[in-house]
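What follows is the content of structure.cif (mmCIF, N, CA, C and O atoms).
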```
data_coords
loop_
_atom_site.label_atom_id
_atom_site.label_comp_id
_atom_site.auth_asym_id
_atom_site.auth_seq_id
_atom_site.Cartn_x
_atom_site.Cartn_y
_atom_site.Cartn_z
N MET A 1 -1.64 -7.04 -15.04
CA MET A 1 -1.42 -5.83 -14.24
C MET A 1 -2.77 -5.14 -14.01
O MET A 1 -3.62 -5.11 -14.87
N ALA A 2 -2.90 -4.58 -12.84
CA ALA A 2 -4.14 -3.89 -12.46
C ALA A 2 -4.39 -2.70 -13.37
O ALA A 2 -3.46 -2.02 -13.81
N LYS A 3 -5.65 -2.48 -13.65
CA LYS A 3 -6.04 -1.31 -14.42
C LYS A 3 -5.63 -0.06 -13.65
O LYS A 3 -5.79 0.02 -12.44
N LYS A 4 -5.08 0.90 -14.37
CA LYS A 4 -4.61 2.13 -13.73
C LYS A 4 -5.78 2.90 -13.13
O LYS A 4 -6.78 3.15 -13.79
N VAL A 5 -5.64 3.27 -11.87
CA VAL A 5 -6.64 4.05 -11.15
C VAL A 5 -6.30 5.53 -11.31
O VAL A 5 -5.13 5.92 -11.17
N LYS A 6 -7.30 6.32 -11.61
CA LYS A 6 -7.08 7.75 -11.84
C LYS A 6 -6.49 8.45 -10.61
O LYS A 6 -5.55 9.22 -10.72
N ASP A 7 -7.05 8.20 -9.45
CA ASP A 7 -6.57 8.84 -8.22
C ASP A 7 -6.47 7.80 -7.10
O ASP A 7 -7.41 7.62 -6.33
N PRO A 8 -5.32 7.11 -7.00
CA PRO A 8 -5.19 6.06 -5.99
C PRO A 8 -5.29 6.57 -4.55
O PRO A 8 -5.59 5.81 -3.65
N SER A 9 -5.11 7.87 -4.34
CA SER A 9 -5.21 8.42 -2.98
C SER A 9 -6.62 8.29 -2.42
O SER A 9 -6.82 8.39 -1.21
N LYS A 10 -7.59 8.07 -3.28
CA LYS A 10 -8.98 7.92 -2.84
C LYS A 10 -9.32 6.49 -2.43
O LYS A 10 -10.40 6.24 -1.90
N LEU A 11 -8.40 5.57 -2.68
CA LEU A 11 -8.64 4.16 -2.34
C LEU A 11 -8.54 3.94 -0.83
O LEU A 11 -7.72 4.60 -0.16
N PRO A 12 -9.32 3.01 -0.29
CA PRO A 12 -9.11 2.62 1.11
C PRO A 12 -7.69 2.06 1.28
O PRO A 12 -7.09 1.56 0.32
N GLN A 13 -7.19 2.16 2.45
CA GLN A 13 -5.81 1.77 2.78
C GLN A 13 -5.42 0.40 2.21
O GLN A 13 -4.39 0.26 1.55
N ARG A 14 -6.21 -0.61 2.50
CA ARG A 14 -5.88 -1.97 2.02
C ARG A 14 -5.86 -2.02 0.50
O ARG A 14 -4.99 -2.65 -0.09
N ASP A 15 -6.80 -1.36 -0.12
CA ASP A 15 -6.88 -1.37 -1.58
C ASP A 15 -5.70 -0.63 -2.20
O ASP A 15 -5.17 -1.04 -3.24
N LEU A 16 -5.30 0.47 -1.59
CA LEU A 16 -4.14 1.23 -2.08
C LEU A 16 -2.89 0.35 -2.04
O LEU A 16 -2.14 0.30 -3.02
N ILE A 17 -2.67 -0.33 -0.95
CA ILE A 17 -1.49 -1.18 -0.83
C ILE A 17 -1.52 -2.29 -1.87
O ILE A 17 -0.53 -2.53 -2.57
N ARG A 18 -2.64 -2.95 -1.98
CA ARG A 18 -2.75 -4.05 -2.95
C ARG A 18 -2.58 -3.55 -4.38
O ARG A 18 -1.94 -4.19 -5.21
N TYR A 19 -3.18 -2.40 -4.67
CA TYR A 19 -3.05 -1.81 -5.99
C TYR A 19 -1.58 -1.48 -6.28
O TYR A 19 -1.05 -1.80 -7.35
N ALA A 20 -0.91 -0.85 -5.33
CA ALA A 20 0.50 -0.49 -5.50
C ALA A 20 1.38 -1.73 -5.66
O ALA A 20 2.30 -1.75 -6.49
N MET A 21 1.08 -2.76 -4.89
CA MET A 21 1.86 -4.01 -5.02
C MET A 21 1.78 -4.54 -6.45
O MET A 21 2.79 -4.94 -7.03
N GLU A 22 0.59 -4.51 -7.00
CA GLU A 22 0.41 -5.03 -8.36
C GLU A 22 1.02 -4.10 -9.40
O GLU A 22 1.75 -4.55 -10.28
N ARG A 23 0.75 -2.80 -9.31
CA ARG A 23 1.26 -1.86 -10.31
C ARG A 23 2.78 -1.76 -10.29
O ARG A 23 3.40 -1.54 -11.33
N LEU A 24 3.38 -1.90 -9.12
CA LEU A 24 4.84 -1.79 -9.00
C LEU A 24 5.53 -3.14 -9.14
O LEU A 24 6.75 -3.23 -8.97
N ASP A 25 4.76 -4.16 -9.44
CA ASP A 25 5.29 -5.51 -9.61
C ASP A 25 6.08 -5.97 -8.39
O ASP A 25 7.23 -6.41 -8.48
N LEU A 26 5.44 -5.82 -7.23
CA LEU A 26 6.00 -6.27 -5.96
C LEU A 26 5.04 -7.32 -5.40
O LEU A 26 4.17 -7.00 -4.58
N PRO A 27 5.14 -8.57 -5.87
CA PRO A 27 4.12 -9.57 -5.57
C PRO A 27 4.05 -10.06 -4.12
O PRO A 27 3.03 -10.60 -3.71
N THR A 28 5.10 -9.84 -3.35
CA THR A 28 5.05 -10.31 -1.96
C THR A 28 5.04 -9.13 -0.99
O THR A 28 5.53 -8.04 -1.31
N ARG A 29 4.51 -9.38 0.17
CA ARG A 29 4.50 -8.33 1.20
C ARG A 29 5.92 -7.94 1.59
O ARG A 29 6.19 -6.77 1.84
N GLN A 30 6.81 -8.91 1.63
CA GLN A 30 8.20 -8.61 1.99
C GLN A 30 8.85 -7.69 0.96
O GLN A 30 9.55 -6.75 1.32
N GLN A 31 8.60 -7.94 -0.32
CA GLN A 31 9.16 -7.09 -1.37
C GLN A 31 8.61 -5.66 -1.26
O GLN A 31 9.35 -4.69 -1.40
N PHE A 32 7.32 -5.55 -1.01
CA PHE A 32 6.72 -4.22 -0.86
C PHE A 32 7.30 -3.52 0.36
O PHE A 32 7.67 -2.34 0.29
N ALA A 33 7.38 -4.22 1.47
CA ALA A 33 7.93 -3.64 2.70
C ALA A 33 9.36 -3.16 2.47
O ALA A 33 9.72 -2.05 2.88
N ASP A 34 10.16 -3.98 1.81
CA ASP A 34 11.55 -3.60 1.53
C ASP A 34 11.62 -2.36 0.64
O ASP A 34 12.43 -1.46 0.87
N ARG A 35 10.77 -2.30 -0.36
CA ARG A 35 10.77 -1.18 -1.31
C ARG A 35 10.47 0.15 -0.63
O ARG A 35 11.02 1.20 -0.96
N PHE A 36 9.59 0.10 0.38
CA PHE A 36 9.17 1.33 1.05
C PHE A 36 9.79 1.50 2.44
O PHE A 36 9.40 2.40 3.18
N GLY A 37 10.75 0.66 2.77
CA GLY A 37 11.46 0.82 4.04
C GLY A 37 10.61 0.52 5.26
O GLY A 37 10.76 1.18 6.30
N LEU A 38 9.73 -0.47 5.14
CA LEU A 38 8.84 -0.86 6.23
C LEU A 38 9.22 -2.22 6.76
O LEU A 38 9.85 -3.00 6.06
N SER A 39 8.77 -2.52 7.95
CA SER A 39 8.85 -3.90 8.40
C SER A 39 7.65 -4.64 7.83
O SER A 39 6.59 -4.04 7.60
N LYS A 40 7.80 -5.91 7.60
CA LYS A 40 6.68 -6.70 7.08
C LYS A 40 5.54 -6.70 8.09
O LYS A 40 4.37 -6.67 7.71
N ARG A 41 5.85 -6.71 9.37
CA ARG A 41 4.82 -6.70 10.41
C ARG A 41 3.96 -5.43 10.34
O ARG A 41 2.76 -5.47 10.48
N THR A 42 4.61 -4.30 10.12
CA THR A 42 3.88 -3.04 9.97
C THR A 42 2.93 -3.12 8.78
O THR A 42 1.75 -2.77 8.89
N LEU A 43 3.44 -3.61 7.66
CA LEU A 43 2.60 -3.76 6.48
C LEU A 43 1.44 -4.71 6.75
O LEU A 43 0.30 -4.43 6.39
N ASP A 44 1.73 -5.82 7.42
CA ASP A 44 0.66 -6.77 7.76
C ASP A 44 -0.43 -6.10 8.59
O ASP A 44 -1.62 -6.32 8.36
N ASN A 45 -0.03 -5.27 9.55
CA ASN A 45 -1.01 -4.57 10.39
C ASN A 45 -1.85 -3.58 9.60
O ASN A 45 -3.01 -3.34 9.93
N TRP A 46 -1.28 -3.00 8.55
CA TRP A 46 -2.03 -2.08 7.71
C TRP A 46 -3.02 -2.83 6.81
O TRP A 46 -4.00 -2.25 6.36
N LEU A 47 -2.74 -4.08 6.53
CA LEU A 47 -3.58 -4.86 5.62
C LEU A 47 -4.71 -5.61 6.32
O LEU A 47 -5.62 -6.12 5.67
N ILE A 48 -4.67 -5.68 7.64
CA ILE A 48 -5.73 -6.35 8.39
C ILE A 48 -7.01 -5.52 8.26
O ILE A 48 -6.98 -4.31 8.43
N PRO A 49 -8.14 -6.17 7.98
CA PRO A 49 -9.40 -5.42 7.99
C PRO A 49 -9.61 -4.78 9.37
O PRO A 49 -9.42 -5.43 10.39
N ASP A 50 -9.95 -3.50 9.38
CA ASP A 50 -10.02 -2.76 10.64
C ASP A 50 -11.08 -3.28 11.61
O ASP A 50 -11.03 -2.99 12.80
N ASP A 51 -12.02 -4.07 11.12
CA ASP A 51 -13.05 -4.59 12.02
C ASP A 51 -12.77 -6.03 12.47
O ASP A 51 -13.58 -6.62 13.16
N GLU A 52 -11.61 -6.57 12.09
CA GLU A 52 -11.32 -7.97 12.41
C GLU A 52 -10.28 -8.18 13.50
O GLU A 52 -10.18 -9.27 14.04
N SER A 53 -9.50 -7.19 13.82
CA SER A 53 -8.41 -7.42 14.77
C SER A 53 -8.00 -6.14 15.48
O SER A 53 -8.04 -5.06 14.90
N LYS A 54 -7.55 -6.32 16.70
CA LYS A 54 -6.99 -5.20 17.45
C LYS A 54 -5.60 -4.83 16.95
O LYS A 54 -5.05 -3.80 17.32
N GLU A 55 -5.03 -5.68 16.11
CA GLU A 55 -3.69 -5.44 15.54
C GLU A 55 -3.72 -4.43 14.39
O GLU A 55 -2.68 -3.94 13.98
N PHE A 56 -4.92 -4.14 13.87
CA PHE A 56 -5.03 -3.18 12.76
C PHE A 56 -4.41 -1.85 13.16
O PHE A 56 -4.58 -1.37 14.28
N ARG A 57 -3.68 -1.26 12.22
CA ARG A 57 -3.12 0.07 12.42
C ARG A 57 -3.43 0.92 11.18
O ARG A 57 -3.36 0.43 10.06
N LYS A 58 -3.74 2.17 11.42
CA LYS A 58 -3.96 3.09 10.31
C LYS A 58 -2.61 3.51 9.76
O LYS A 58 -1.69 3.83 10.51
N MET A 59 -2.51 3.49 8.45
CA MET A 59 -1.28 3.91 7.79
C MET A 59 -1.14 5.43 7.91
O MET A 59 -2.12 6.16 7.66
N PRO A 60 0.03 5.93 8.28
CA PRO A 60 0.21 7.38 8.35
C PRO A 60 -0.04 8.02 6.97
O PRO A 60 0.31 7.46 5.93
N THR A 61 -0.62 9.19 6.99
CA THR A 61 -0.94 9.90 5.76
C THR A 61 0.29 10.10 4.88
O THR A 61 0.22 9.96 3.66
N VAL A 62 1.41 10.40 5.50
CA VAL A 62 2.63 10.64 4.71
C VAL A 62 3.04 9.38 3.94
O VAL A 62 3.56 9.48 2.82
N VAL A 63 2.77 8.22 4.47
CA VAL A 63 3.11 6.98 3.77
C VAL A 63 2.19 6.79 2.57
O VAL A 63 2.66 6.47 1.47
N SER A 64 0.91 6.99 2.76
CA SER A 64 0.00 6.84 1.62
C SER A 64 0.33 7.89 0.54
O SER A 64 0.27 7.58 -0.66
N MET A 65 0.69 9.09 0.95
CA MET A 65 1.08 10.11 -0.02
C MET A 65 2.33 9.69 -0.78
O MET A 65 2.42 9.89 -2.00
N PHE A 66 3.29 9.09 -0.08
CA PHE A 66 4.52 8.65 -0.72
C PHE A 66 4.24 7.51 -1.70
O PHE A 66 4.78 7.49 -2.81
N ILE A 67 3.40 6.58 -1.32
CA ILE A 67 3.03 5.48 -2.22
C ILE A 67 2.39 6.05 -3.49
O ILE A 67 2.74 5.65 -4.61
N CYS A 68 1.49 6.99 -3.33
CA CYS A 68 0.84 7.62 -4.49
C CYS A 68 1.85 8.37 -5.35
O CYS A 68 1.79 8.34 -6.59
N TYR A 69 2.79 9.03 -4.72
CA TYR A 69 3.85 9.74 -5.43
C TYR A 69 4.67 8.77 -6.28
O TYR A 69 4.93 9.02 -7.45
N VAL A 70 5.05 7.66 -5.68
CA VAL A 70 5.84 6.66 -6.41
C VAL A 70 5.03 6.12 -7.59
O VAL A 70 5.55 5.98 -8.70
N LEU A 71 3.76 5.82 -7.36
CA LEU A 71 2.93 5.33 -8.45
C LEU A 71 2.87 6.33 -9.60
O LEU A 71 2.97 5.95 -10.78
N LYS A 72 2.75 7.59 -9.29
CA LYS A 72 2.64 8.62 -10.32
C LYS A 72 3.96 8.84 -11.06
O LYS A 72 3.99 8.94 -12.27
N HIS A 73 5.06 8.87 -10.32
CA HIS A 73 6.34 9.25 -10.91
C HIS A 73 7.14 8.09 -11.48
O HIS A 73 8.11 8.34 -12.20
N GLU A 74 6.76 6.89 -11.18
CA GLU A 74 7.46 5.76 -11.80
C GLU A 74 6.76 5.36 -13.09
O GLU A 74 7.15 4.39 -13.74
N ASP A 75 5.71 6.10 -13.46
CA ASP A 75 5.00 5.90 -14.72
C ASP A 75 4.66 4.44 -14.96
O ASP A 75 5.00 3.87 -15.99
N VAL A 76 3.99 3.86 -13.97
CA VAL A 76 3.60 2.45 -14.11
C VAL A 76 2.22 2.34 -14.68
O VAL A 76 1.42 3.21 -14.61
#
```
Please express the file's structure as structure tokens.
Amino acid sequence: MAKKVKDPSKLPQRDLIRYAMERLDLPTRQQFADRFGLSKRTLDNWLIPDDESKEFRKMPTVVSMFICYVLKHEDV
């Protein structure tokens, strides 16, 4: 399991998602997408490096806040 990060909200988008996947024991993108009510395609677009594709999308702030909330309150 990933070492606990003091403030995951400071992580870049891709790192936050990967960190949350590991800490919440959601090893696949589909499992993570299902857990947070996302489509896998949306998650894939958030994980693309922003300088590599026009498909990259910035994750809404409310989503990153919710992911951080879940990480904090599920005591992982």
Taking all atoms of region 25-28 of chain A that appear in the file, build a box with edges along x, y and z, extend it by 3 Å on every side, and state its centre and edge lengths in Å to one decimal, as AutoDock Vina command-line options.
```
--center_x 5.1 --center_y -7.4 --center_z -5.3 --size_x 10.2 --size_y 12.4 --size_z 14.6
```
Q) Written as a ChimeraX atom specification, which residues does the PyMOL selection byres ((chain A and resi 22-37) around 8) give for the file shown? A) /A:1-4,15-21,38-44,63,70-71,74-76
Q | Atom-to-atom span, atom C of Asp50 (chain A) and atom C of Phe66 (chain A), Å | A |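 If I compute the distance from atom C of Asp50 (chain A) to atom C of Phe66 (chain A), I get 23.0 Å.
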Q.
One decimal, in Å: what's the spacing between CA of Glu52 (chain A) and atom C of Lys6 (chain A)?
A.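 That distance, rounded to one decimal, is 28.7 Å.
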Q) Could you pull the residues within 8 Å of Cys68 (chain A), counting only C-alpha atoms, minus those fewer than 4 positions along the same chain, as a ChimeraX atom specification? A) /A:8-9,64,72
Take the residues that were just selected and, keeping N, CA, C and O atoms, output them as a short mmCIF file (atom, residue, chain, number, x, y, z; two decimals), keeping the file's coordinate frame.
```cif
data_model
loop_
_atom_site.label_atom_id
_atom_site.label_comp_id
_atom_site.auth_asym_id
_atom_site.auth_seq_id
_atom_site.Cartn_x
_atom_site.Cartn_y
_atom_site.Cartn_z
N PRO A 8 -5.32 7.11 -7.00
CA PRO A 8 -5.19 6.06 -5.99
C PRO A 8 -5.29 6.57 -4.55
O PRO A 8 -5.59 5.81 -3.65
N SER A 9 -5.11 7.87 -4.34
CA SER A 9 -5.21 8.42 -2.98
C SER A 9 -6.62 8.29 -2.42
O SER A 9 -6.82 8.39 -1.21
N SER A 64 0.91 6.99 2.76
CA SER A 64 0.00 6.84 1.62
C SER A 64 0.33 7.89 0.54
O SER A 64 0.27 7.58 -0.66
N LYS A 72 2.75 7.59 -9.29
CA LYS A 72 2.64 8.62 -10.32
C LYS A 72 3.96 8.84 -11.06
O LYS A 72 3.99 8.94 -12.27
#
```
Q. Between CA of Leu11 (chain A) and CA of His73 (chain A), what is the distance, to one decimal in Å?
A.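 The value is 18.0 Å.
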Which of chain A end up as alpha helix (DSSP H) when DSSP is run on this backbone - answer as a compact mmCIF listing (two decimals) with N, CA, C and O atoms, in the frame of the given file?
```txt
# COMPACT_ATOMS: atom_id res chain seq x y z
N GLN A 13 -7.19 2.16 2.45
CA GLN A 13 -5.81 1.77 2.78
C GLN A 13 -5.42 0.40 2.21
O GLN A 13 -4.39 0.26 1.55
N ARG A 14 -6.21 -0.61 2.50
CA ARG A 14 -5.88 -1.97 2.02
C ARG A 14 -5.86 -2.02 0.50
O ARG A 14 -4.99 -2.65 -0.09
N ASP A 15 -6.80 -1.36 -0.12
CA ASP A 15 -6.88 -1.37 -1.58
C ASP A 15 -5.70 -0.63 -2.20
O ASP A 15 -5.17 -1.04 -3.24
N LEU A 16 -5.30 0.47 -1.59
CA LEU A 16 -4.14 1.23 -2.08
C LEU A 16 -2.89 0.35 -2.04
O LEU A 16 -2.14 0.30 -3.02
N ILE A 17 -2.67 -0.33 -0.95
CA ILE A 17 -1.49 -1.18 -0.83
C ILE A 17 -1.52 -2.29 -1.87
O ILE A 17 -0.53 -2.53 -2.57
N ARG A 18 -2.64 -2.95 -1.98
CA ARG A 18 -2.75 -4.05 -2.95
C ARG A 18 -2.58 -3.55 -4.38
O ARG A 18 -1.94 -4.19 -5.21
N TYR A 19 -3.18 -2.40 -4.67
CA TYR A 19 -3.05 -1.81 -5.99
C TYR A 19 -1.58 -1.48 -6.28
O TYR A 19 -1.05 -1.80 -7.35
N ALA A 20 -0.91 -0.85 -5.33
CA ALA A 20 0.50 -0.49 -5.50
C ALA A 20 1.38 -1.73 -5.66
O ALA A 20 2.30 -1.75 -6.49
N MET A 21 1.08 -2.76 -4.89
CA MET A 21 1.86 -4.01 -5.02
C MET A 21 1.78 -4.54 -6.45
O MET A 21 2.79 -4.94 -7.03
N GLU A 22 0.59 -4.51 -7.00
CA GLU A 22 0.41 -5.03 -8.36
C GLU A 22 1.02 -4.10 -9.40
O GLU A 22 1.75 -4.55 -10.28
N ARG A 23 0.75 -2.80 -9.31
CA ARG A 23 1.26 -1.86 -10.31
C ARG A 23 2.78 -1.76 -10.29
O ARG A 23 3.40 -1.54 -11.33
N ARG A 29 4.51 -9.38 0.17
CA ARG A 29 4.50 -8.33 1.20
C ARG A 29 5.92 -7.94 1.59
O ARG A 29 6.19 -6.77 1.84
N GLN A 30 6.81 -8.91 1.63
CA GLN A 30 8.20 -8.61 1.99
C GLN A 30 8.85 -7.69 0.96
O GLN A 30 9.55 -6.75 1.32
N GLN A 31 8.60 -7.94 -0.32
CA GLN A 31 9.16 -7.09 -1.37
C GLN A 31 8.61 -5.66 -1.26
O GLN A 31 9.35 -4.69 -1.40
N PHE A 32 7.32 -5.55 -1.01
CA PHE A 32 6.72 -4.22 -0.86
C PHE A 32 7.30 -3.52 0.36
O PHE A 32 7.67 -2.34 0.29
N ALA A 33 7.38 -4.22 1.47
CA ALA A 33 7.93 -3.64 2.70
C ALA A 33 9.36 -3.16 2.47
O ALA A 33 9.72 -2.05 2.88
N ASP A 34 10.16 -3.98 1.81
CA ASP A 34 11.55 -3.60 1.53
C ASP A 34 11.62 -2.36 0.64
O ASP A 34 12.43 -1.46 0.87
N ARG A 35 10.77 -2.30 -0.36
CA ARG A 35 10.77 -1.18 -1.31
C ARG A 35 10.47 0.15 -0.63
O ARG A 35 11.02 1.20 -0.96
N LYS A 40 7.80 -5.91 7.60
CA LYS A 40 6.68 -6.70 7.08
C LYS A 40 5.54 -6.70 8.09
O LYS A 40 4.37 -6.67 7.71
N ARG A 41 5.85 -6.71 9.37
CA ARG A 41 4.82 -6.70 10.41
C ARG A 41 3.96 -5.43 10.34
O ARG A 41 2.76 -5.47 10.48
N THR A 42 4.61 -4.30 10.12
CA THR A 42 3.88 -3.04 9.97
C THR A 42 2.93 -3.12 8.78
O THR A 42 1.75 -2.77 8.89
N LEU A 43 3.44 -3.61 7.66
CA LEU A 43 2.60 -3.76 6.48
C LEU A 43 1.44 -4.71 6.75
O LEU A 43 0.30 -4.43 6.39
N ASP A 44 1.73 -5.82 7.42
CA ASP A 44 0.66 -6.77 7.76
C ASP A 44 -0.43 -6.10 8.59
O ASP A 44 -1.62 -6.32 8.36
N ASN A 45 -0.03 -5.27 9.55
CA ASN A 45 -1.01 -4.57 10.39
C ASN A 45 -1.85 -3.58 9.60
O ASN A 45 -3.01 -3.34 9.93
N TRP A 46 -1.28 -3.00 8.55
CA TRP A 46 -2.03 -2.08 7.71
C TRP A 46 -3.02 -2.83 6.81
O TRP A 46 -4.00 -2.25 6.36
N LEU A 47 -2.74 -4.08 6.53
CA LEU A 47 -3.58 -4.86 5.62
C LEU A 47 -4.71 -5.61 6.32
O LEU A 47 -5.62 -6.12 5.67
N THR A 61 -0.62 9.19 6.99
CA THR A 61 -0.94 9.90 5.76
C THR A 61 0.29 10.10 4.88
O THR A 61 0.22 9.96 3.66
N VAL A 62 1.41 10.40 5.50
CA VAL A 62 2.63 10.64 4.71
C VAL A 62 3.04 9.38 3.94
O VAL A 62 3.56 9.48 2.82
N VAL A 63 2.77 8.22 4.47
CA VAL A 63 3.11 6.98 3.77
C VAL A 63 2.19 6.79 2.57
O VAL A 63 2.66 6.47 1.47
N SER A 64 0.91 6.99 2.76
CA SER A 64 0.00 6.84 1.62
C SER A 64 0.33 7.89 0.54
O SER A 64 0.27 7.58 -0.66
N MET A 65 0.69 9.09 0.95
CA MET A 65 1.08 10.11 -0.02
C MET A 65 2.33 9.69 -0.78
O MET A 65 2.42 9.89 -2.00
N PHE A 66 3.29 9.09 -0.08
CA PHE A 66 4.52 8.65 -0.72
C PHE A 66 4.24 7.51 -1.70
O PHE A 66 4.78 7.49 -2.81
N ILE A 67 3.40 6.58 -1.32
CA ILE A 67 3.03 5.48 -2.22
C ILE A 67 2.39 6.05 -3.49
O ILE A 67 2.74 5.65 -4.61
N CYS A 68 1.49 6.99 -3.33
CA CYS A 68 0.84 7.62 -4.49
C CYS A 68 1.85 8.37 -5.35
O CYS A 68 1.79 8.34 -6.59
N TYR A 69 2.79 9.03 -4.72
CA TYR A 69 3.85 9.74 -5.43
C TYR A 69 4.67 8.77 -6.28
O TYR A 69 4.93 9.02 -7.45
N VAL A 70 5.05 7.66 -5.68
CA VAL A 70 5.84 6.66 -6.41
C VAL A 70 5.03 6.12 -7.59
O VAL A 70 5.55 5.98 -8.70
N LEU A 71 3.76 5.82 -7.36
CA LEU A 71 2.93 5.33 -8.45
C LEU A 71 2.87 6.33 -9.60
O LEU A 71 2.97 5.95 -10.78
N LYS A 72 2.75 7.59 -9.29
CA LYS A 72 2.64 8.62 -10.32
C LYS A 72 3.96 8.84 -11.06
O LYS A 72 3.99 8.94 -12.27
N HIS A 73 5.06 8.87 -10.32
CA HIS A 73 6.34 9.25 -10.91
C HIS A 73 7.14 8.09 -11.48
O HIS A 73 8.11 8.34 -12.20
```
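Residues matched by the PyMOL selection byres (((chain A and resi 46 and name CA) around 7) and name CA) in this structure: A:Arg14, A:Thr42, A:Leu43, A:Asp44, A:Asn45, A:Leu47, A:Ile48, A:Phe56, A:Arg57, A:Lys58, A:Met59.
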Those residues with N, CA, C and O atoms, as a tab-separated table (two decimals), keeping the file's coordinate frame please?
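Wrote result-v3.tsv, looks like this:
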```
chain	number	residue	atom	x	y	z
A	14	ARG	N	-6.21	-0.61	2.50
A	14	ARG	CA	-5.88	-1.97	2.02
A	14	ARG	C	-5.86	-2.02	0.50
A	14	ARG	O	-4.99	-2.65	-0.09
A	42	THR	N	4.61	-4.30	10.12
A	42	THR	CA	3.88	-3.04	9.97
A	42	THR	C	2.93	-3.12	8.78
A	42	THR	O	1.75	-2.77	8.89
A	43	LEU	N	3.44	-3.61	7.66
A	43	LEU	CA	2.60	-3.76	6.48
A	43	LEU	C	1.44	-4.71	6.75
A	43	LEU	O	0.30	-4.43	6.39
A	44	ASP	N	1.73	-5.82	7.42
A	44	ASP	CA	0.66	-6.77	7.76
A	44	ASP	C	-0.43	-6.10	8.59
A	44	ASP	O	-1.62	-6.32	8.36
A	45	ASN	N	-0.03	-5.27	9.55
A	45	ASN	CA	-1.01	-4.57	10.39
A	45	ASN	C	-1.85	-3.58	9.60
A	45	ASN	O	-3.01	-3.34	9.93
A	47	LEU	N	-2.74	-4.08	6.53
A	47	LEU	CA	-3.58	-4.86	5.62
A	47	LEU	C	-4.71	-5.61	6.32
A	47	LEU	O	-5.62	-6.12	5.67
A	48	ILE	N	-4.67	-5.68	7.64
A	48	ILE	CA	-5.73	-6.35	8.39
A	48	ILE	C	-7.01	-5.52	8.26
A	48	ILE	O	-6.98	-4.31	8.43
A	56	PHE	N	-4.92	-4.14	13.87
A	56	PHE	CA	-5.03	-3.18	12.76
A	56	PHE	C	-4.41	-1.85	13.16
A	56	PHE	O	-4.58	-1.37	14.28
A	57	ARG	N	-3.68	-1.26	12.22
A	57	ARG	CA	-3.12	0.07	12.42
A	57	ARG	C	-3.43	0.92	11.18
A	57	ARG	O	-3.36	0.43	10.06
A	58	LYS	N	-3.74	2.17	11.42
A	58	LYS	CA	-3.96	3.09	10.31
A	58	LYS	C	-2.61	3.51	9.76
A	58	LYS	O	-1.69	3.83	10.51
A	59	MET	N	-2.51	3.49	8.45
A	59	MET	CA	-1.28	3.91	7.79
A	59	MET	C	-1.14	5.43	7.91
A	59	MET	O	-2.12	6.16	7.66
```
